[in-house]
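Data first, discussion second: the structure below is written as structure tokens.
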Amino acid sequence: MDILREIDRKILKLKATRSGIGAEQKEILGKKTGTTILALKYKNGIIMAADRRCVTGDKIFSDEMTKIEETDSLSCIAGAGQVSDFQLLVEILMNDLIPSLEKYWDVEIFVDGQANLIRYIMRNILLLVWPILAGWDPYMNKSRIFLFEPLGTKFEINNFIAGGSGEPHALDVLKKLWTKNCSKEEGIELAVEALLAASEADRNTSDPRLHSPLVKIISSKSITTLPPESGFNMAWEQSKQEQIRQGDKNGISAYLTKSLAPKRAEKNKKTARKKPLVFKEKKNDDSKP
Amino acid sequence: MIQSPELFFYKRMDAQKRIGKDLLILVAFKSGLIFGSKFNERQSKPGQWLMLIKPSLIIGGIGDLRDFKSVMLILSNFCQNMAGVLGGHYLTSAGIVNFATGLLRQTFEEKANALAINFIVADWQSANDIALWFVDFDGSIKQLKNFAVSGGSDYEKPLLLEELEKLPVEEKMFFEVQKEKLERAGLPMAGTLVPSKSYRPKKEAIAYLEKHWKPNLKKKDAIELVKKTFFECNPESHDKTIEITLLECGKKPEFIYFKKE
């Protein structure tokens with residue numbers, strides 16, 4: 001009968017199963033574990049990006065991790081921290097709370113309602129995850145980004161945010177280059193550049209040149225995913241530009257130039273003349289005036 | 001407590017009796033809603049049968065005032081908690097009806113007495129988009145359109161002397177025969193039975209509104225319609241004041257009072 005009591009009962013049950021590990025978790029609370037996730041606003045929506053690496057201690061477990069989930073047709077959630085806690089949060093939200101509340105109230109729950117639900121869950125269950133929720137709010141007709149902390153604090157962000165172990169490096173790039181009404185393409189390039197900068201400084205963040213980053217573009221109508229090839233191309237291009245700026249002769253630009261050389265020779269061969277050019281020498285004729 | 005069929009029958013009759021014969025009417029017009037209910041200057045407070053959940057969601061009730069207030073208290077606590085968990089603009093009429101239905105049904109099935117109230121839930125996003133629900137004392141619900149009527153339980157009123165004299169002889173004889181049968185069967189109340197006429201205010205009000213309601217009603221016409229429905233369909237309201245609550249999008253509620261001339 002009372003949906004609130006049902007929700008409380010489920011949350012309390014989960015809380016009881018996790019009650020014994022409080023002291024250790026408190027130590028970890030101050031540390032942000034390996035990943036880089038970010039969200040930034042562009043003119044008509046939000047770009048959300050995440051790397052692909054999953055680490056266990058010092059070892060790389062996987063470079064094919066999906067760290068962004070679509071919670072509905074207009075919003076996504078990305079998580080930095082314990083993978084199991086992030087998956088639990090997404091499961092409670094998407095398989096339990098949101099469907100039952102939508103059926104009960106006969107209304108679609110958008111990003112603002114989802115943010116309140118996440119805060120409610122994280123206040124009651126200790127989850128070692130720092131999620132970022134981003135989406136289009138049709139009630140206020142604007143894009144919104146929310147950041148959460150493990151004890152249930154909710155922050156609304158007006159421009160851009162990053163999370164995970166690569167956060168400081170990604171934020172440096174975003175602070176320098178983000179502009180308020182940037183276009184979608186500029187936003188995507190900025191997101192990839194921030195991930196690239198984070199991967200170069202943080203070993204727990206995968207290199208977007210080797211493992212294409214997951215980039216989601218959220219607009220007022222839908223969510224689209226950037227194709228992996230575009231992510232790769234962008235990352236390589238940015239890396240090349242950086243090497244050129246730095247004048248690094250042994251770096252990627254030199255490598256790419258050399259690797260392109262045999263292809264150029266082939267191309268030259270095709271366009272080469274079949275008969276060699278003959279030059280006639282010009283003679284100085286003294287007899288002519 | 002053993003919930004026998006007789007107990008359910010008794011609970012039903014008791015709830016209908018306590019709800020009473022007074023009507024609560026809701027009519028949708030071009031730019032808002034009108035609620036009409038009885039008003040006693042000595043016993044009633046303006047708008048005491050209404051509860052505003054949010055500017056576009058209102059509940060109107062009729063019946064036992066104590067039961068109405070206790071249900072509204074539980075409902076407002078629930079809405080407040082839900083607004084904290086989810087957000088105020090996610091409170092919809094569908095969710096409120098789900099909650100109220102569960103509460104009323106549980107009370108009807110498990111307790112000694114049912115809650116003697118029925119109410120109307122109105123959710124209006126715009127003039128063309130109004131959701132109306134009727135919730136009865138046993139938890140049954142109806143989704144309505146254009147207008148809604150609650151309360152108005154059937155009742156019987158003994159015939160006056162003039163009406164008795166006008167009764168045909170066959171009907172008088174039939175009544176006497178039935179009364180004698182009941183007395184022989186040993187029913188103690190049989191001796192107090194008198195010829196009476198049954199009234200069904202709710203059915204009459206619905207029939208009247210179905211006949212006279214039109215789409216895109218103006219405010220004045222809607223007020224007139226509610227007034228006439230009260231004075232013509234519920235004879236008991238001849239000597240009573242009627243309170244009309246006018247709700248328009250973006251404006252404060254307005255109370256207007258009428259008495260039969």
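Simple scheme: letters A, B, ... for chains in structure tokens order, numbers from 1 for residues in each chain, numbers from 1 for ligands in the order shown.
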Go through range 33-261 of chain B and collect every residue that DSSP, computed from the backbone, puts in strand (DSSP E or B); the answer should be as number ranges by chain.
B: 33-39, 50-54, 57-63, 117-126, 129-135, 141-144, 147-151, 155-158, 196-199, 241-248, 254-259
Distance-based interface of chain B with chain A, 12 Å, counting only C-alpha atoms, as number ranges by chain:
B: 74-75, 77-107, 139
Those residues you just picked out, can you put them in a file as a compact mmCIF listing (two decimals), in the first residue's frame with N, CA, C and O atoms?
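Okay, out-v8.txt is ready:
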```txt
# COMPACT_ATOMS: atom_id res chain seq x y z
N ILE B 74 -2.91 11.88 7.16
CA ILE B 74 -2.04 10.78 6.71
C ILE B 74 -1.57 11.07 5.28
O ILE B 74 -0.39 10.89 4.94
N LEU B 75 -2.49 11.54 4.45
CA LEU B 75 -2.16 11.82 3.05
C LEU B 75 -1.14 12.94 2.92
O LEU B 75 -0.19 12.86 2.14
N ASN B 77 1.10 13.85 5.14
CA ASN B 77 2.41 13.32 5.60
C ASN B 77 3.07 12.52 4.49
O ASN B 77 4.28 12.66 4.23
N PHE B 78 2.27 11.68 3.85
CA PHE B 78 2.79 10.85 2.77
C PHE B 78 3.31 11.72 1.62
O PHE B 78 4.41 11.50 1.10
N CYS B 79 2.53 12.74 1.25
CA CYS B 79 2.94 13.62 0.14
C CYS B 79 4.21 14.39 0.50
O CYS B 79 5.09 14.57 -0.34
N GLN B 80 4.31 14.81 1.73
CA GLN B 80 5.49 15.55 2.17
C GLN B 80 6.74 14.67 2.10
O GLN B 80 7.79 15.08 1.62
N ASN B 81 6.61 13.43 2.58
CA ASN B 81 7.75 12.50 2.53
C ASN B 81 8.13 12.18 1.09
O ASN B 81 9.31 12.13 0.74
N MET B 82 7.12 12.00 0.25
CA MET B 82 7.38 11.67 -1.15
C MET B 82 8.04 12.83 -1.86
O MET B 82 8.91 12.65 -2.70
N ALA B 83 7.60 14.06 -1.50
CA ALA B 83 8.21 15.25 -2.11
C ALA B 83 9.68 15.36 -1.71
O ALA B 83 10.51 15.79 -2.49
N GLY B 84 9.99 14.93 -0.49
CA GLY B 84 11.38 14.93 -0.05
C GLY B 84 12.22 13.90 -0.78
O GLY B 84 13.37 14.13 -1.11
N VAL B 85 11.63 12.75 -1.07
CA VAL B 85 12.38 11.68 -1.74
C VAL B 85 12.51 11.95 -3.24
O VAL B 85 13.57 11.73 -3.84
N LEU B 86 11.42 12.46 -3.83
CA LEU B 86 11.37 12.53 -5.30
C LEU B 86 11.33 13.97 -5.82
O LEU B 86 11.93 14.28 -6.82
N GLY B 87 10.57 14.81 -5.16
CA GLY B 87 10.39 16.17 -5.68
C GLY B 87 8.91 16.50 -5.76
O GLY B 87 8.10 15.63 -6.10
N GLY B 88 8.56 17.75 -5.46
CA GLY B 88 7.16 18.14 -5.38
C GLY B 88 6.37 17.99 -6.66
O GLY B 88 5.20 17.63 -6.65
N HIS B 89 7.01 18.25 -7.81
CA HIS B 89 6.22 18.20 -9.05
C HIS B 89 5.97 16.78 -9.54
O HIS B 89 5.31 16.60 -10.55
N TYR B 90 6.47 15.78 -8.83
CA TYR B 90 6.16 14.40 -9.21
C TYR B 90 4.92 13.86 -8.50
O TYR B 90 4.52 12.72 -8.71
N LEU B 91 4.30 14.69 -7.64
CA LEU B 91 3.05 14.25 -6.99
C LEU B 91 1.92 14.39 -7.99
O LEU B 91 1.62 15.50 -8.43
N THR B 92 1.31 13.29 -8.34
CA THR B 92 0.24 13.31 -9.33
C THR B 92 -1.02 12.72 -8.71
O THR B 92 -0.96 12.04 -7.68
N SER B 93 -2.14 12.95 -9.40
CA SER B 93 -3.42 12.43 -8.90
C SER B 93 -3.41 10.91 -8.89
O SER B 93 -4.00 10.29 -8.00
N ALA B 94 -2.74 10.30 -9.86
CA ALA B 94 -2.73 8.83 -9.94
C ALA B 94 -2.10 8.23 -8.68
O ALA B 94 -2.61 7.27 -8.10
N GLY B 95 -0.98 8.82 -8.24
CA GLY B 95 -0.31 8.30 -7.05
C GLY B 95 -1.14 8.51 -5.79
O GLY B 95 -1.20 7.65 -4.91
N ILE B 96 -1.78 9.67 -5.70
CA ILE B 96 -2.60 9.97 -4.52
C ILE B 96 -3.79 9.03 -4.46
O ILE B 96 -4.16 8.53 -3.40
N VAL B 97 -4.38 8.77 -5.62
CA VAL B 97 -5.52 7.85 -5.66
C VAL B 97 -5.05 6.44 -5.26
O VAL B 97 -5.74 5.74 -4.52
N ASN B 98 -3.87 6.03 -5.74
CA ASN B 98 -3.33 4.71 -5.36
C ASN B 98 -3.18 4.60 -3.85
O ASN B 98 -3.52 3.58 -3.24
N PHE B 99 -2.65 5.65 -3.25
CA PHE B 99 -2.44 5.63 -1.80
C PHE B 99 -3.78 5.61 -1.05
O PHE B 99 -3.98 4.81 -0.13
N ALA B 100 -4.67 6.51 -1.45
CA ALA B 100 -5.96 6.62 -0.75
C ALA B 100 -6.77 5.34 -0.88
O ALA B 100 -7.39 4.87 0.08
N THR B 101 -6.74 4.77 -2.08
CA THR B 101 -7.48 3.51 -2.31
C THR B 101 -6.99 2.41 -1.37
O THR B 101 -7.79 1.69 -0.77
N GLY B 102 -5.66 2.32 -1.26
CA GLY B 102 -5.08 1.30 -0.39
C GLY B 102 -5.49 1.50 1.05
O GLY B 102 -5.87 0.57 1.76
N LEU B 103 -5.45 2.77 1.49
CA LEU B 103 -5.77 3.08 2.89
C LEU B 103 -7.23 2.77 3.18
O LEU B 103 -7.56 2.11 4.18
N LEU B 104 -8.12 3.21 2.30
CA LEU B 104 -9.56 3.02 2.54
C LEU B 104 -9.93 1.55 2.47
O LEU B 104 -10.73 1.05 3.27
N ARG B 105 -9.33 0.85 1.50
CA ARG B 105 -9.64 -0.57 1.35
C ARG B 105 -9.19 -1.38 2.56
O ARG B 105 -9.90 -2.26 3.05
N GLN B 106 -8.00 -1.04 3.02
CA GLN B 106 -7.46 -1.77 4.18
C GLN B 106 -8.35 -1.54 5.40
O GLN B 106 -8.65 -2.46 6.15
N THR B 107 -8.77 -0.29 5.61
CA THR B 107 -9.64 0.02 6.75
C THR B 107 -10.98 -0.69 6.61
O THR B 107 -11.50 -1.25 7.57
N GLY B 139 -12.74 2.07 -1.08
CA GLY B 139 -11.53 2.03 -1.89
C GLY B 139 -11.78 1.89 -3.37
O GLY B 139 -10.82 1.84 -4.16
```
Which residues are near range 155-170 of chain B? Cut-off 12 Å, only C-alpha atoms, ignore same chain within fewer than 2 positions. Put them as a PDB file with N, CA, C and O atoms, in the first residue's frame.
```
ATOM      1  N   MET B  13     -23.517  -0.206   5.121  1.00  0.00           N
ATOM      2  CA  MET B  13     -24.715   0.605   5.437  1.00  0.00           C
ATOM      3  C   MET B  13     -24.356   1.739   6.385  1.00  0.00           C
ATOM      4  O   MET B  13     -24.809   2.881   6.225  1.00  0.00           O
ATOM      5  N   GLN B  16     -22.399   4.499   4.531  1.00  0.00           N
ATOM      6  CA  GLN B  16     -23.265   5.294   3.652  1.00  0.00           C
ATOM      7  C   GLN B  16     -24.161   6.220   4.457  1.00  0.00           C
ATOM      8  O   GLN B  16     -24.423   7.360   4.061  1.00  0.00           O
ATOM      9  N   LYS B  17     -24.603   5.729   5.602  1.00  0.00           N
ATOM     10  CA  LYS B  17     -25.468   6.563   6.454  1.00  0.00           C
ATOM     11  C   LYS B  17     -24.682   7.748   7.010  1.00  0.00           C
ATOM     12  O   LYS B  17     -25.165   8.875   7.052  1.00  0.00           O
ATOM     13  N   ARG B  18     -23.431   7.474   7.430  1.00  0.00           N
ATOM     14  CA  ARG B  18     -22.631   8.546   8.032  1.00  0.00           C
ATOM     15  C   ARG B  18     -22.135   9.544   6.989  1.00  0.00           C
ATOM     16  O   ARG B  18     -21.902  10.700   7.299  1.00  0.00           O
ATOM     17  N   ILE B  19     -21.950   9.092   5.751  1.00  0.00           N
ATOM     18  CA  ILE B  19     -21.563  10.040   4.696  1.00  0.00           C
ATOM     19  C   ILE B  19     -22.669  11.070   4.513  1.00  0.00           C
ATOM     20  O   ILE B  19     -22.416  12.259   4.300  1.00  0.00           O
ATOM     21  N   GLY B  20     -23.896  10.611   4.590  1.00  0.00           N
ATOM     22  CA  GLY B  20     -25.007  11.565   4.587  1.00  0.00           C
ATOM     23  C   GLY B  20     -25.530  11.837   3.199  1.00  0.00           C
ATOM     24  O   GLY B  20     -25.026  11.338   2.194  1.00  0.00           O
ATOM     25  N   LYS B  21     -26.592  12.645   3.181  1.00  0.00           N
ATOM     26  CA  LYS B  21     -27.258  12.910   1.908  1.00  0.00           C
ATOM     27  C   LYS B  21     -26.771  14.170   1.223  1.00  0.00           C
ATOM     28  O   LYS B  21     -27.218  14.523   0.149  1.00  0.00           O
ATOM     29  N   ASP B  22     -25.813  14.885   1.852  1.00  0.00           N
ATOM     30  CA  ASP B  22     -25.331  16.119   1.245  1.00  0.00           C
ATOM     31  C   ASP B  22     -24.364  15.816   0.119  1.00  0.00           C
ATOM     32  O   ASP B  22     -23.612  14.844   0.167  1.00  0.00           O
ATOM     33  N   GLY B 151     -20.829  12.007  -2.281  1.00  0.00           N
ATOM     34  CA  GLY B 151     -21.813  12.130  -1.206  1.00  0.00           C
ATOM     35  C   GLY B 151     -23.183  11.772  -1.752  1.00  0.00           C
ATOM     36  O   GLY B 151     -23.302  10.995  -2.685  1.00  0.00           O
ATOM     37  N   GLY B 152     -24.222  12.363  -1.177  1.00  0.00           N
ATOM     38  CA  GLY B 152     -25.581  12.157  -1.684  1.00  0.00           C
ATOM     39  C   GLY B 152     -26.064  10.736  -1.537  1.00  0.00           C
ATOM     40  O   GLY B 152     -26.588  10.161  -2.489  1.00  0.00           O
ATOM     41  N   SER B 153     -25.857  10.139  -0.352  1.00  0.00           N
ATOM     42  CA  SER B 153     -26.338   8.755  -0.132  1.00  0.00           C
ATOM     43  C   SER B 153     -27.856   8.717  -0.231  1.00  0.00           C
ATOM     44  O   SER B 153     -28.541   9.694   0.118  1.00  0.00           O
ATOM     45  N   LYS B 172     -52.011   1.749  -0.376  1.00  0.00           N
ATOM     46  CA  LYS B 172     -52.189   1.807   1.090  1.00  0.00           C
ATOM     47  C   LYS B 172     -52.450   0.399   1.640  1.00  0.00           C
ATOM     48  O   LYS B 172     -51.867  -0.004   2.651  1.00  0.00           O
ATOM     49  N   MET B 173     -53.295  -0.354   0.913  1.00  0.00           N
ATOM     50  CA  MET B 173     -53.607  -1.719   1.345  1.00  0.00           C
ATOM     51  C   MET B 173     -52.365  -2.592   1.335  1.00  0.00           C
ATOM     52  O   MET B 173     -52.120  -3.348   2.275  1.00  0.00           O
ATOM     53  N   PHE B 174     -51.575  -2.472   0.280  1.00  0.00           N
ATOM     54  CA  PHE B 174     -50.350  -3.276   0.132  1.00  0.00           C
ATOM     55  C   PHE B 174     -49.404  -2.994   1.281  1.00  0.00           C
ATOM     56  O   PHE B 174     -48.812  -3.905   1.866  1.00  0.00           O
ATOM     57  N   PHE B 175     -49.260  -1.724   1.636  1.00  0.00           N
ATOM     58  CA  PHE B 175     -48.365  -1.330   2.735  1.00  0.00           C
ATOM     59  C   PHE B 175     -48.824  -1.946   4.050  1.00  0.00           C
ATOM     60  O   PHE B 175     -48.028  -2.493   4.823  1.00  0.00           O
ATOM     61  N   GLU B 176     -50.169  -1.922   4.310  1.00  0.00           N
ATOM     62  CA  GLU B 176     -50.698  -2.466   5.568  1.00  0.00           C
ATOM     63  C   GLU B 176     -50.477  -3.967   5.662  1.00  0.00           C
ATOM     64  O   GLU B 176     -50.126  -4.498   6.714  1.00  0.00           O
ATOM     65  N   VAL B 177     -50.627  -4.642   4.518  1.00  0.00           N
ATOM     66  CA  VAL B 177     -50.431  -6.109   4.502  1.00  0.00           C
ATOM     67  C   VAL B 177     -48.983  -6.456   4.822  1.00  0.00           C
ATOM     68  O   VAL B 177     -48.699  -7.341   5.620  1.00  0.00           O
ATOM     69  N   THR B 192     -43.247   0.760  13.859  1.00  0.00           N
ATOM     70  CA  THR B 192     -42.945   2.179  13.613  1.00  0.00           C
ATOM     71  C   THR B 192     -42.852   2.505  12.127  1.00  0.00           C
ATOM     72  O   THR B 192     -42.593   3.649  11.753  1.00  0.00           O
ATOM     73  N   LEU B 193     -43.052   1.526  11.260  1.00  0.00           N
ATOM     74  CA  LEU B 193     -42.919   1.780   9.821  1.00  0.00           C
ATOM     75  C   LEU B 193     -44.054   2.648   9.313  1.00  0.00           C
ATOM     76  O   LEU B 193     -45.216   2.465   9.697  1.00  0.00           O
ATOM     77  N   VAL B 194     -43.676   3.615   8.470  1.00  0.00           N
ATOM     78  CA  VAL B 194     -44.688   4.484   7.838  1.00  0.00           C
ATOM     79  C   VAL B 194     -44.366   4.563   6.350  1.00  0.00           C
ATOM     80  O   VAL B 194     -43.212   4.389   5.964  1.00  0.00           O
ATOM     81  N   PRO B 195     -45.358   4.876   5.532  1.00  0.00           N
ATOM     82  CA  PRO B 195     -45.067   5.006   4.104  1.00  0.00           C
ATOM     83  C   PRO B 195     -44.056   6.144   3.880  1.00  0.00           C
ATOM     84  O   PRO B 195     -44.195   7.221   4.456  1.00  0.00           O
ATOM     85  N   SER B 196     -43.051   5.872   3.075  1.00  0.00           N
ATOM     86  CA  SER B 196     -42.033   6.896   2.828  1.00  0.00           C
ATOM     87  C   SER B 196     -41.579   6.826   1.384  1.00  0.00           C
ATOM     88  O   SER B 196     -41.809   5.843   0.688  1.00  0.00           O
ATOM     89  N   LYS B 197     -40.934   7.891   0.987  1.00  0.00           N
ATOM     90  CA  LYS B 197     -40.438   7.989  -0.393  1.00  0.00           C
ATOM     91  C   LYS B 197     -38.905   7.986  -0.359  1.00  0.00           C
ATOM     92  O   LYS B 197     -38.307   8.623   0.510  1.00  0.00           O
ATOM     93  N   SER B 198     -38.291   7.255  -1.288  1.00  0.00           N
ATOM     94  CA  SER B 198     -36.817   7.221  -1.292  1.00  0.00           C
ATOM     95  C   SER B 198     -36.281   8.245  -2.276  1.00  0.00           C
ATOM     96  O   SER B 198     -36.838   8.460  -3.349  1.00  0.00           O
ATOM     97  N   TYR B 199     -35.184   8.877  -1.876  1.00  0.00           N
ATOM     98  CA  TYR B 199     -34.532   9.907  -2.679  1.00  0.00           C
ATOM     99  C   TYR B 199     -33.118   9.449  -2.998  1.00  0.00           C
ATOM    100  O   TYR B 199     -32.444   8.836  -2.167  1.00  0.00           O
ATOM    101  N   ARG B 200     -32.696   9.801  -4.199  1.00  0.00           N
ATOM    102  CA  ARG B 200     -31.339   9.433  -4.612  1.00  0.00           C
ATOM    103  C   ARG B 200     -30.650  10.684  -5.131  1.00  0.00           C
ATOM    104  O   ARG B 200     -30.570  10.909  -6.346  1.00  0.00           O
ATOM    105  N   PRO B 201     -30.140  11.510  -4.227  1.00  0.00           N
ATOM    106  CA  PRO B 201     -29.614  12.823  -4.651  1.00  0.00           C
ATOM    107  C   PRO B 201     -28.448  12.702  -5.639  1.00  0.00           C
ATOM    108  O   PRO B 201     -28.337  13.480  -6.575  1.00  0.00           O
ATOM    109  N   LYS B 202     -27.587  11.713  -5.410  1.00  0.00           N
ATOM    110  CA  LYS B 202     -26.388  11.608  -6.260  1.00  0.00           C
ATOM    111  C   LYS B 202     -26.794  11.292  -7.701  1.00  0.00           C
ATOM    112  O   LYS B 202     -26.321  11.928  -8.646  1.00  0.00           O
ATOM    113  N   ASN B 234     -31.169  18.153  -4.592  1.00  0.00           N
ATOM    114  CA  ASN B 234     -31.139  17.770  -3.191  1.00  0.00           C
ATOM    115  C   ASN B 234     -32.129  18.633  -2.427  1.00  0.00           C
ATOM    116  O   ASN B 234     -31.818  19.736  -2.030  1.00  0.00           O
ATOM    117  N   PRO B 235     -33.341  18.164  -2.255  1.00  0.00           N
ATOM    118  CA  PRO B 235     -34.388  18.984  -1.638  1.00  0.00           C
ATOM    119  C   PRO B 235     -34.013  19.490  -0.245  1.00  0.00           C
ATOM    120  O   PRO B 235     -34.474  20.518   0.197  1.00  0.00           O
ATOM    121  N   GLU B 236     -33.120  18.759   0.440  1.00  0.00           N
ATOM    122  CA  GLU B 236     -32.737  19.157   1.789  1.00  0.00           C
ATOM    123  C   GLU B 236     -31.969  20.476   1.800  1.00  0.00           C
ATOM    124  O   GLU B 236     -31.806  21.082   2.841  1.00  0.00           O
TER     125      GLU B 236
END
```
Interatomic distance (Å, one decimal) between CA of Asp51 in chain A and CA of Leu127 in chain A
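These two atoms are separated by 21.0 Å.
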Work out how far CA of Ile47 in chain A is from CA of Ile98 in chain A, in Å to one decimal.
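Atom-to-atom, CA of Ile98 in chain A to CA of Ile47 in chain A, that is 23.4 Å.
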Please list as a VMD selection string every residue within 10 Å of Met51 in chain B, counting only C-alpha atoms and excluding residues in the same chain fewer than 2 positions away.
chain B and resid 47 to 49 53 to 54 57 to 61 69 72 76 121
Straight-line distance linking CA of Arg53 in chain A with CA of Lys154 in chain A, stated in Å to one decimal:
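Those two atoms sit 25.8 Å apart.
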Neighbouring residues of Cys54 in chain A were defined as those with any atom within 10 Å, considering only C-alpha atoms; residues of the same chain fewer than 6 positions away were excluded. Please report them as a PyMOL selection string.
chain A and resi 33-35+60-67+81-83+204-206
From B:Leu73, B:Leu65, B:Val226, B:Ala122, residue lying nearest Glu243 in chain B [only C-alpha atoms]:
B:Val226
